[in-house]
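Source file: entry.cif. Holds: mmCIF, C-alpha atoms.
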data_target
loop_
_atom_site.label_atom_id
_atom_site.label_comp_id
_atom_site.auth_asym_id
_atom_site.auth_seq_id
_atom_site.Cartn_x
_atom_site.Cartn_y
_atom_site.Cartn_z
CA MET A 1 -68.12 -100.33 125.86
CA ASN A 2 -66.73 -103.45 124.29
CA PHE A 3 -69.63 -105.80 123.68
CA GLU A 4 -67.70 -108.32 121.63
CA THR A 5 -68.55 -111.05 124.13
CA GLU A 6 -72.20 -110.06 124.25
CA PRO A 7 -74.07 -112.22 121.77
CA ASP A 8 -77.48 -111.50 123.24
CA VAL A 9 -79.23 -109.32 120.70
CA GLY A 10 -81.84 -108.27 123.20
CA ASN A 11 -79.45 -106.81 125.74
CA SER A 12 -77.83 -104.09 123.69
CA THR A 13 -75.88 -101.16 125.03
CA ASP A 14 -77.21 -97.62 124.94
CA PRO A 15 -76.33 -96.13 121.51
CA LEU A 16 -75.15 -92.95 123.15
CA ASP A 17 -72.50 -94.73 125.16
CA PRO A 18 -71.48 -92.34 127.93
CA THR A 19 -67.91 -93.59 127.80
CA TRP A 20 -67.30 -92.22 124.26
CA PRO A 21 -67.03 -88.57 125.44
CA ASN A 22 -64.76 -89.73 128.22
CA LEU A 23 -62.54 -91.58 125.78
CA VAL A 24 -62.49 -88.64 123.38
CA GLU A 25 -61.54 -86.30 126.21
CA ARG A 26 -58.62 -88.51 127.21
CA ILE A 27 -57.38 -88.63 123.60
CA ARG A 28 -57.67 -84.87 123.28
CA SER A 29 -55.60 -84.39 126.40
CA GLY A 30 -52.93 -86.76 125.07
CA ASP A 31 -53.55 -89.45 127.69
CA PRO A 32 -51.85 -92.64 126.36
CA SER A 33 -54.56 -94.81 127.95
CA GLY A 34 -57.12 -93.09 125.73
CA MET A 35 -55.18 -93.87 122.58
CA GLU A 36 -54.62 -97.42 123.76
CA GLU A 37 -58.32 -97.92 124.35
CA LEU A 38 -59.20 -96.36 120.99
CA TYR A 39 -56.88 -98.83 119.30
CA GLN A 40 -58.24 -101.79 121.27
CA VAL A 41 -61.84 -100.93 120.51
CA PHE A 42 -61.54 -100.04 116.82
CA SER A 43 -58.46 -101.68 115.31
CA LYS A 44 -60.07 -105.06 114.57
CA GLY A 45 -63.17 -103.43 113.15
CA ILE A 46 -61.15 -101.10 110.92
CA ARG A 47 -59.09 -104.05 109.79
CA PHE A 48 -62.22 -106.01 108.95
CA TYR A 49 -63.69 -103.10 106.96
CA LEU A 50 -60.46 -102.52 105.02
CA CYS A 51 -60.07 -106.20 104.25
CA ARG A 52 -63.59 -106.40 102.84
CA GLN A 53 -63.11 -103.30 100.72
CA LEU A 54 -59.49 -103.44 99.62
CA GLY A 55 -58.30 -107.00 100.15
CA PRO A 56 -55.76 -108.40 102.59
CA GLN A 57 -52.63 -106.61 101.36
CA ASP A 58 -50.72 -104.28 103.72
CA LEU A 59 -53.53 -104.27 106.23
CA ASP A 60 -51.34 -103.55 109.26
CA ASP A 61 -49.88 -100.45 107.64
CA LYS A 62 -53.27 -99.19 106.54
CA VAL A 63 -54.81 -99.70 109.98
CA HIS A 64 -51.88 -97.91 111.58
CA ASP A 65 -52.16 -94.95 109.17
CA ILE A 66 -55.89 -94.63 109.77
CA PHE A 67 -55.44 -94.85 113.52
CA LEU A 68 -52.95 -91.97 113.36
CA ILE A 69 -55.34 -89.89 111.25
CA ILE A 70 -58.20 -90.50 113.70
CA THR A 71 -56.07 -89.67 116.73
CA LYS A 72 -54.68 -86.46 115.22
CA SER A 73 -58.07 -85.41 114.02
CA ILE A 74 -59.60 -85.86 117.46
CA GLN A 75 -56.72 -83.99 119.05
CA ASN A 76 -57.25 -81.14 116.60
CA GLY A 77 -60.81 -80.88 117.83
CA ASP A 78 -62.40 -81.99 114.54
CA LEU A 79 -64.81 -84.33 116.33
CA ARG A 80 -67.47 -81.97 117.58
CA GLU A 81 -69.90 -84.55 118.96
CA PRO A 82 -67.85 -87.04 121.00
CA GLU A 83 -70.87 -89.30 121.48
CA ARG A 84 -70.78 -89.87 117.69
CA LEU A 85 -67.29 -91.33 117.78
CA MET A 86 -68.32 -94.54 115.96
CA GLY A 87 -69.81 -92.60 113.06
CA TYR A 88 -66.76 -90.35 112.95
CA VAL A 89 -64.38 -93.31 112.75
CA ARG A 90 -66.50 -94.87 110.01
CA THR A 91 -66.43 -91.65 107.97
CA ILE A 92 -62.65 -91.41 108.19
CA VAL A 93 -62.21 -95.07 107.24
CA ARG A 94 -64.54 -94.71 104.26
CA ARG A 95 -62.68 -91.62 103.06
CA GLN A 96 -59.38 -93.44 103.34
CA VAL A 97 -60.74 -96.37 101.32
CA ALA A 98 -61.96 -93.97 98.62
CA ALA A 99 -58.60 -92.15 98.62
CA HIS A 100 -56.76 -95.46 98.36
CA ILE A 101 -58.83 -96.54 95.36
CA ASN A 102 -58.29 -93.16 93.69
CA SER A 103 -54.56 -93.31 94.24
CA MET A 104 -54.44 -96.83 92.81
CA VAL A 105 -56.38 -95.70 89.78
CA GLN A 106 -54.10 -92.68 89.32
CA ALA A 107 -50.94 -94.75 89.73
CA ARG A 108 -52.19 -97.26 87.21
CA ARG A 109 -53.05 -94.52 84.73
CA ASN A 110 -49.66 -92.84 85.14
CA GLN A 111 -47.85 -96.13 84.74
CA THR A 112 -49.84 -96.90 81.62
CA ASP A 113 -49.14 -93.45 80.17
CA LEU A 114 -45.43 -93.84 80.74
CA ASP A 115 -45.51 -97.40 79.45
CA PHE A 116 -43.83 -98.80 82.55
CA GLY A 117 -46.17 -101.74 82.53
CA THR A 118 -48.51 -102.29 85.43
CA ALA A 119 -47.09 -102.99 88.86
CA LEU A 120 -50.11 -103.65 90.99
CA THR A 121 -50.50 -105.11 94.42
CA ASP A 122 -51.61 -108.71 94.38
CA TYR A 123 -55.14 -108.74 95.75
CA HIS A 124 -55.69 -112.39 95.09
CA PRO A 125 -56.35 -114.56 98.13
CA ASN A 126 -53.54 -116.64 99.53
CA PRO A 127 -53.42 -120.33 98.49
CA GLU A 128 -55.19 -121.53 101.65
CA ARG A 129 -57.95 -118.95 101.21
CA ARG A 130 -58.28 -119.90 97.56
CA ILE A 131 -58.71 -123.58 98.47
CA ILE A 132 -61.38 -122.69 101.03
CA GLU A 133 -63.21 -120.60 98.43
CA GLU A 134 -63.08 -123.45 95.92
CA GLN A 135 -64.41 -125.86 98.54
CA ASN A 136 -67.19 -123.44 99.43
CA LEU A 137 -68.09 -123.18 95.76
CA LYS A 138 -68.27 -126.97 95.52
CA LEU A 139 -70.53 -127.08 98.56
CA ALA A 140 -72.82 -124.50 97.04
CA MET A 141 -72.86 -126.39 93.73
CA ARG A 142 -73.74 -129.55 95.61
CA ILE A 143 -76.58 -127.81 97.39
CA LEU A 144 -77.98 -126.28 94.22
CA SER A 145 -77.67 -129.60 92.38
CA SER A 146 -79.57 -131.43 95.10
CA LEU A 147 -82.52 -129.03 94.94
CA HIS A 148 -85.68 -129.28 92.94
CA LYS A 149 -85.50 -127.07 89.82
CA ARG A 150 -88.02 -124.60 91.19
CA GLU A 151 -86.21 -124.21 94.51
CA ARG A 152 -82.95 -123.75 92.69
CA GLU A 153 -84.55 -121.04 90.58
CA VAL A 154 -85.54 -119.22 93.78
CA LEU A 155 -81.95 -119.19 95.04
CA ILE A 156 -80.53 -118.19 91.66
CA ARG A 157 -82.95 -115.29 91.45
CA PHE A 158 -82.07 -114.21 94.98
CA TYR A 159 -78.30 -114.61 94.99
CA LEU A 160 -77.42 -113.95 91.37
CA GLN A 161 -80.10 -111.77 89.90
CA GLU A 162 -80.50 -110.00 93.25
CA GLN A 163 -84.26 -109.94 93.00
CA THR A 164 -86.02 -108.95 96.20
CA PRO A 165 -87.99 -111.58 98.15
CA GLY A 166 -91.17 -109.71 97.15
CA GLU A 167 -90.34 -109.92 93.43
CA ILE A 168 -89.44 -113.59 93.67
CA CYS A 169 -92.62 -114.47 95.57
CA ARG A 170 -94.72 -112.55 93.06
CA ASP A 171 -93.06 -113.96 89.94
CA MET A 172 -92.95 -117.53 91.21
CA ASP A 173 -96.23 -117.52 93.05
CA LEU A 174 -94.70 -118.27 96.44
CA THR A 175 -95.70 -117.20 99.92
CA GLU A 176 -93.12 -115.39 102.03
CA THR A 177 -92.95 -118.43 104.31
CA GLN A 178 -92.17 -120.75 101.41
CA PHE A 179 -89.46 -118.38 100.23
CA ARG A 180 -87.89 -118.14 103.68
CA LEU A 181 -88.03 -121.90 104.10
CA ILE A 182 -86.20 -122.55 100.82
CA LYS A 183 -83.53 -120.04 101.71
CA SER A 184 -83.08 -121.13 105.31
CA ARG A 185 -82.85 -124.81 104.29
CA ALA A 186 -80.09 -124.00 101.83
CA LYS A 187 -78.33 -121.91 104.46
CA ALA A 188 -78.57 -124.67 107.05
CA ARG A 189 -77.31 -127.23 104.53
CA PHE A 190 -74.35 -125.03 103.68
CA GLY A 191 -73.51 -124.70 107.37
CA GLU A 192 -73.91 -128.41 107.96
CA LEU A 193 -71.70 -129.41 105.01
CA GLY A 194 -69.15 -126.80 106.05
CA ARG A 195 -69.01 -128.18 109.59
CA ARG A 196 -68.62 -131.72 108.23
CA ARG A 197 -65.79 -130.59 106.02
CA LEU A 198 -64.10 -128.89 108.96
CA ALA A 199 -64.50 -131.97 111.15
CA LEU A 200 -63.02 -134.11 108.40
CA ARG A 201 -60.06 -131.75 108.10
CA VAL A 202 -59.46 -131.76 111.86
CA GLY A 203 -59.77 -135.57 111.92
CA THR A 204 -57.26 -135.91 109.12
CA ARG A 205 -54.78 -133.65 110.90
CA ALA A 206 -55.17 -135.57 114.17
CA MET B 1 -86.81 -93.91 113.70
CA ALA B 2 -83.19 -93.59 114.82
CA LEU B 3 -81.16 -96.67 114.07
CA ASN B 4 -79.37 -98.16 117.02
CA SER B 5 -75.73 -98.96 116.19
CA ASN B 6 -75.33 -100.97 119.35
CA ARG B 7 -77.79 -103.75 118.75
CA HIS B 8 -76.59 -106.91 117.10
CA MET B 9 -77.52 -107.52 113.48
CA GLU B 10 -80.38 -109.85 112.60
CA GLU B 11 -79.70 -112.83 110.32
CA ASP B 12 -81.53 -111.25 107.39
CA GLU B 13 -79.65 -108.00 107.90
CA ILE B 14 -76.34 -109.87 107.87
CA GLU B 15 -77.16 -111.49 104.54
CA SER B 16 -78.42 -108.22 103.03
CA TYR B 17 -75.23 -106.49 104.18
CA SER B 18 -73.13 -109.24 102.61
CA MET B 19 -74.98 -108.79 99.34
CA GLY B 20 -74.73 -105.00 99.47
CA ALA B 21 -78.53 -104.80 99.48
CA VAL B 22 -78.97 -102.32 102.32
CA SER B 23 -79.89 -98.66 102.31
CA GLU B 24 -77.25 -96.01 102.95
CA GLU B 25 -78.72 -95.42 106.40
CA GLU B 26 -78.67 -99.11 107.31
CA CYS B 27 -75.18 -99.47 105.87
CA ALA B 28 -73.95 -96.68 108.14
CA ARG B 29 -75.47 -98.31 111.20
CA PHE B 30 -74.09 -101.74 110.35
CA ASP B 31 -70.63 -100.36 109.54
CA GLU B 32 -70.55 -98.57 112.86
CA HIS B 33 -71.73 -101.61 114.75
CA LEU B 34 -69.19 -103.85 113.02
CA LEU B 35 -66.39 -101.48 114.01
CA VAL B 36 -66.85 -102.56 117.62
CA CYS B 37 -68.62 -105.95 117.56
CA GLU B 38 -66.55 -109.04 116.91
CA PHE B 39 -69.57 -111.29 117.30
CA CYS B 40 -71.30 -109.73 114.29
CA ARG B 41 -68.04 -109.44 112.33
CA ASN B 42 -67.67 -113.22 112.52
CA ARG B 43 -71.25 -113.67 111.37
CA VAL B 44 -70.73 -111.28 108.44
CA ALA B 45 -67.51 -113.07 107.48
CA LYS B 46 -69.35 -116.41 107.39
CA SER B 47 -72.21 -114.87 105.46
CA ASP B 48 -69.75 -113.33 102.95
CA GLU B 49 -68.31 -116.78 102.34
CA ARG B 50 -71.71 -118.36 101.85
CA VAL B 51 -73.05 -115.57 99.62
CA THR B 52 -69.92 -115.59 97.44
CA ALA B 53 -70.14 -119.37 97.08
CA MET B 54 -73.86 -119.30 96.31
CA GLN B 55 -73.37 -116.53 93.74
CA GLY B 56 -70.54 -118.46 92.10
CA ALA B 57 -72.58 -121.65 92.00
CA ALA B 58 -75.67 -119.81 90.73
CA LEU B 59 -73.57 -118.27 87.96
CA ARG B 60 -72.48 -121.70 86.83
CA PHE B 61 -76.03 -122.96 86.84
CA ARG B 62 -77.24 -119.95 84.91
CA GLY B 63 -74.41 -120.54 82.44
CA ARG B 64 -75.74 -124.03 81.84
CA ARG B 65 -79.24 -122.79 81.20
CA ALA B 66 -78.72 -119.76 79.00
CA PRO B 67 -76.08 -118.64 76.52
CA VAL B 68 -74.62 -115.85 78.66
CA VAL B 69 -71.00 -114.83 78.78
CA THR B 70 -69.45 -116.64 81.72
CA ARG B 71 -65.88 -117.36 82.54
CA ARG B 72 -66.32 -120.91 81.25
CA LEU B 73 -68.01 -119.78 78.10
CA ILE B 74 -65.50 -117.14 77.07
CA PRO B 75 -62.69 -119.58 76.13
CA ARG B 76 -65.18 -121.72 74.20
CA LEU B 77 -66.38 -118.71 72.25
CA ILE B 78 -62.91 -117.61 71.20
CA PRO B 79 -62.82 -119.66 67.94
CA PHE B 80 -66.31 -118.47 67.02
CA LEU B 81 -65.54 -114.86 67.90
CA SER B 82 -62.30 -115.02 65.91
CA ALA B 83 -64.17 -116.40 62.93
CA ALA B 84 -66.87 -113.77 63.34
CA GLY B 85 -64.15 -111.10 63.54
CA LEU B 86 -62.57 -112.31 60.29
CA ILE B 87 -65.92 -112.39 58.54
CA ALA B 88 -66.74 -108.92 59.84
CA ALA B 89 -63.36 -107.59 58.70
CA GLY B 90 -63.91 -109.11 55.27
CA TRP B 91 -67.36 -107.59 55.09
CA VAL B 92 -66.08 -104.15 56.08
CA GLY B 93 -63.46 -104.39 53.37
CA PHE B 94 -66.08 -105.46 50.87
CA VAL B 95 -68.29 -102.52 51.79
CA ALA B 96 -65.32 -100.12 51.76
CA ILE B 97 -64.52 -100.95 48.16
CA GLY B 98 -68.10 -100.20 47.21
CA GLY B 99 -69.59 -103.71 47.26
CA VAL B 100 -72.99 -103.12 48.84
CA ARG B 101 -74.64 -100.91 51.46
CA PRO B 102 -74.33 -102.21 55.01
CA TRP B 103 -77.30 -104.01 56.55
CA VAL B 104 -79.69 -102.32 58.86
CA ARG B 105 -78.30 -101.81 62.36
CA GLY B 106 -79.53 -104.15 65.04
CA THR B 107 -78.65 -107.37 63.30
CA ALA B 108 -74.94 -106.74 63.65
CA PRO B 109 -72.86 -108.68 66.21
CA ALA B 110 -72.15 -107.10 69.59
CA PHE B 111 -69.75 -104.18 69.44
CA ALA B 112 -66.84 -104.85 71.81
CA ILE B 113 -65.49 -102.00 73.94
CA HIS B 114 -62.44 -102.36 76.13
CA LEU B 115 -62.87 -100.12 79.18
CA GLU B 116 -59.80 -99.04 81.06
CA ALA B 117 -60.41 -95.38 81.72
CA THR B 118 -61.77 -94.53 85.13
CA ARG B 119 -63.39 -91.49 86.65
CA GLY B 120 -61.56 -88.27 86.17
CA ALA B 121 -60.24 -89.27 82.78
CA GLY B 122 -61.67 -88.14 79.48
CA ILE B 123 -64.12 -90.51 77.85
CA GLU B 124 -62.30 -92.22 75.04
CA ALA B 125 -64.31 -95.41 74.56
CA ARG B 126 -66.90 -95.05 71.80
CA ALA B 127 -69.60 -97.30 70.44
CA PRO B 128 -72.33 -97.05 67.81
CA ALA B 129 -75.90 -96.41 68.95
CA GLY B 130 -78.48 -99.16 68.83
CA ARG B 131 -75.95 -101.93 68.65
CA ALA B 132 -75.54 -104.68 71.28
CA LEU B 133 -72.39 -104.09 73.31
CA LEU B 134 -69.81 -106.36 74.84
CA LEU B 135 -68.05 -104.43 77.60
CA ASN B 136 -64.64 -105.78 78.50
CA LEU B 137 -63.80 -104.50 81.97
CA ASP B 138 -60.28 -104.22 83.31
CA LEU B 139 -60.58 -104.97 87.04
CA ALA B 140 -56.88 -104.96 87.90
CA GLY B 141 -56.28 -103.52 91.33
CA LEU B 142 -59.66 -104.42 92.77
CA PRO B 143 -60.18 -106.94 95.56
CA ALA B 144 -60.51 -110.39 93.99
CA GLN B 145 -64.08 -111.65 93.88
CA LEU B 146 -65.82 -114.38 91.93
CA SER B 147 -68.21 -111.82 90.57
CA TYR B 148 -68.94 -108.10 90.71
CA ARG B 149 -72.16 -106.17 90.52
CA VAL B 150 -72.09 -103.93 87.48
CA GLU B 151 -74.42 -101.05 86.81
CA THR B 152 -74.67 -98.88 83.71
CA VAL B 153 -76.17 -95.44 84.11
CA ASP B 154 -76.84 -92.66 81.65
CA ARG B 155 -75.63 -89.06 81.94
CA VAL B 156 -78.25 -88.19 84.56
CA GLY B 157 -77.60 -91.29 86.64
CA LYS B 158 -80.60 -93.33 85.51
CA VAL B 159 -79.83 -97.05 85.61
CA VAL B 160 -80.10 -98.55 82.14
CA TRP B 161 -78.65 -101.97 82.90
CA GLN B 162 -77.43 -103.88 85.92
CA GLY B 163 -76.36 -107.38 86.78
CA SER B 164 -73.62 -109.59 88.20
CA VAL B 165 -70.66 -110.43 86.02
CA PRO B 166 -68.14 -113.18 86.70
CA SER B 167 -64.48 -112.22 86.78
CA GLN B 168 -61.34 -114.07 85.94
CA ASP B 169 -57.75 -112.86 85.99
CA ALA B 170 -58.89 -109.33 86.82
CA LYS B 171 -61.11 -109.14 83.76
CA ALA B 172 -64.84 -109.41 83.22
CA ALA B 173 -67.24 -109.06 80.33
CA ALA B 174 -70.79 -107.73 80.36
CA ALA B 175 -73.22 -108.08 77.46
CA LEU B 176 -75.52 -105.05 77.12
CA PRO B 177 -78.40 -104.38 74.77
CA GLY B 178 -78.14 -101.58 72.21
CA MET B 179 -78.53 -98.06 73.61
CA PRO B 180 -79.44 -94.64 72.23
CA ALA B 181 -76.70 -92.05 71.70
CA GLY B 182 -75.29 -90.43 74.82
CA VAL B 183 -72.64 -90.70 77.50
CA TYR B 184 -72.89 -93.68 79.83
CA PHE B 185 -71.03 -94.73 82.94
CA VAL B 186 -70.31 -98.27 84.05
CA ARG B 187 -69.98 -98.72 87.81
CA VAL B 188 -68.40 -101.75 89.42
CA TYR B 189 -69.48 -102.57 92.96
CA ALA B 190 -68.09 -104.92 95.60
CA ALA B 191 -70.37 -107.51 97.20
CA SER B 192 -70.73 -105.11 100.10
CA GLY B 193 -72.19 -102.48 97.79
CA GLU B 194 -69.14 -100.22 97.88
CA LEU B 195 -68.43 -98.48 94.57
CA LEU B 196 -65.04 -99.69 93.41
CA ARG B 197 -64.59 -98.24 89.98
CA GLU B 198 -66.30 -96.22 87.31
CA TYR B 199 -65.78 -96.19 83.55
CA GLY B 200 -67.25 -93.97 80.90
CA PHE B 201 -68.13 -94.58 77.26
CA ASP B 202 -69.78 -92.56 74.56
CA VAL B 203 -72.50 -94.06 72.39
CA GLN B 204 -72.66 -92.13 69.13
CA GLY B 205 -75.61 -91.92 66.77
#

Would you mind giving the structure from this file in structure tokens?
Amino acid sequence: MNFETEPDVGNSTDPLDPTWPNLVERIRSGDPSGMEELYQVFSKGIRFYLCRQLGPQDLDDKVHDIFLIITKSIQNGDLREPERLMGYVRTIVRRQVAAHINSMVQARRNQTDLDFGTALTDYHPNPERRIIEEQNLKLAMRILSSLHKREREVLIRFYLQEQTPGEICRDMDLTETQFRLIKSRAKARFGELGRRRLALRVGTRA
Amino acid sequence: MALNSNRHMEEDEIESYSMGAVSEEECARFDEHLLVCEFCRNRVAKSDERVTAMQGAALRFRGRRAPVVTRRLIPRLIPFLSAAGLIAAGWVGFVAIGGVRPWVRGTAPAFAIHLEATRGAGIEARAPAGRALLLNLDLAGLPAQLSYRVETVDRVGKVVWQGSVPSQDAKAAAALPGMPAGVYFVRVYAASGELLREYGFDVQG
């Protein structure tokens, strides 16, 4: 069931994994091994999703709360198609994210109404993360600066104006291959500069 | 065709997911896959970093080319905006005491609206029709990002404007063209495409 160590795109697991119903059955019957497996399989993924949507604050608590909701819900028999466990977990996580945003909005509005001032969770990245982001930005600036004006325009249209490859090719009279080449070169350059930066950091530490 | 949640994501799919440019159906499949696949999670995390950096860098380049409101430009504009505000106030006073009739709409400076209200609240923000707008968005409480995708829709959900806006200190500004009278909603999206917040404002004729 866990294909985390399976990087081969071609050898994918059957979407209707026969072990999902088995896992769901064990959770329903209160078998601790079922709950343990559920946590092992989904906790990192839930964490990842929450972090992307809500930021890094209080992640452990949020993951724990969601895990409890999922477990209780399965035990109550709310999951009618056990083979759709992944979709079910995703739905619950999405609802929790929406509920969290709503509660934040409500709290902020109430605090503003009562003139308590705003006491919001700090969603800003930690100092190390901030430095990495600044370095990434510099790398990207370096890449864009090094490009020919027309190639730079392609990337700006794609990343900033969010034009589709088709629109960009049409407006700039490019073939799809030319477009892909410009983008993949920039991507490769970003990866290469990032690796160099990492090697430099490791070398400095050593 | 049924989408298989258990196959790894392709490179293009990873980038589209990072940019929030996937359909609802694809998004569901990718979300489900990412719940259980660390290999693809790592690839998405790297892609998120690269896309964010490229968007930030592209914003700066665009700022150099065209006079758009960017985080660098806002501080520079403050003296000019202050002066414009004083002139406008003086003009309003002049008109109020019966000086002359105001000029035709459309040549006036952008009308600034500060949006704090979110969905569920009554729509308090108001703006005149046909006048360029400067929307000041309060993004406090949202995950910090270099930029957000902003979409403005009319009462029936038709998109009237969209674009990326840079953010700084939980605030962002979006410059919109003049719009006909009606109720509009401004939606702020994360890079992943998730709707984070919605504001409403009323354009009055």

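Using only C-alpha atoms, the contacts of stretch 19-27 of chain A at a cut-off of 10 Å, with sequence neighbours closer than 4 positions omitted, comprise A:Met1, A:Asp31, A:Pro32, A:Ser33, A:Gly34, A:Met35, A:Glu36, A:Glu37, A:Leu38, A:Thr71, A:Lys72, A:Ile74, A:Gln75, A:Gly77, A:Leu79, A:Glu81, A:Pro82, A:Glu83, A:Arg84, A:Leu85, A:Met86.
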
Evaluate the PyMOL selection byres ((chain B) within 6 of (chain A)) and record the selected residues as an MDAnalysis selection string, following the chain and residue labels used in the document. chainID B and resid 4 6:8 32 35:39 53:55 57:58 143:144

Just the number, please: distance in Å from atom CA of B:Tyr184 to atom CA of A:Ala107, one decimal.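 Interatomic distance here is 24.1 Å.
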
I need the output of the PyMOL selection byres ((chain B and resi 201) around 10) for this file as a PyMOL selection string; which residues are they? chain B and resi 113-115+117+122-127+135+154+182-186+199-200+202-204

Which residues are close to stretch 12-22 of chain B, i.e. within 12 Å by all atoms listed in the file, leaving aside same-chain residues fewer than 2 positions away? Reply as a ChimeraX atom specification. /A:52-53,158-165,180,183-184,187 /B:7-10,24-31,33-34,39-55,147-149,164,189-195

Could you tell me which residues the PyMOL selection byres ((chain B and resi 128) around 10) grabs in this file, written as a list in words?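 After applying the PyMOL selection byres ((chain B and resi 128) around 10), what remains is Arg105, Phe111, Arg126, Ala127, Ala129, Gly130, Arg131, Ala132, Leu133, Gly178, Met179, Pro180, Ala181, Asp202, Val203, Gln204 and Gly205 of chain B.
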
When you draw a straight line from atom CA of A:Pro127 to atom CA of A:Gly203, how long is it in Å? 21.3 Å

Could you please determine the separation between atom CA of B:Val188 and atom CA of A:Ile92 in Å, to one decimal place? 22.2 Å

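For the residues A:Asp171, A:Asn76, A:Ile182, A:Asp58, ranking by smallest atom-to-atom distance to A:Lys149 using all atoms listed in the file places A:Ile182 first.
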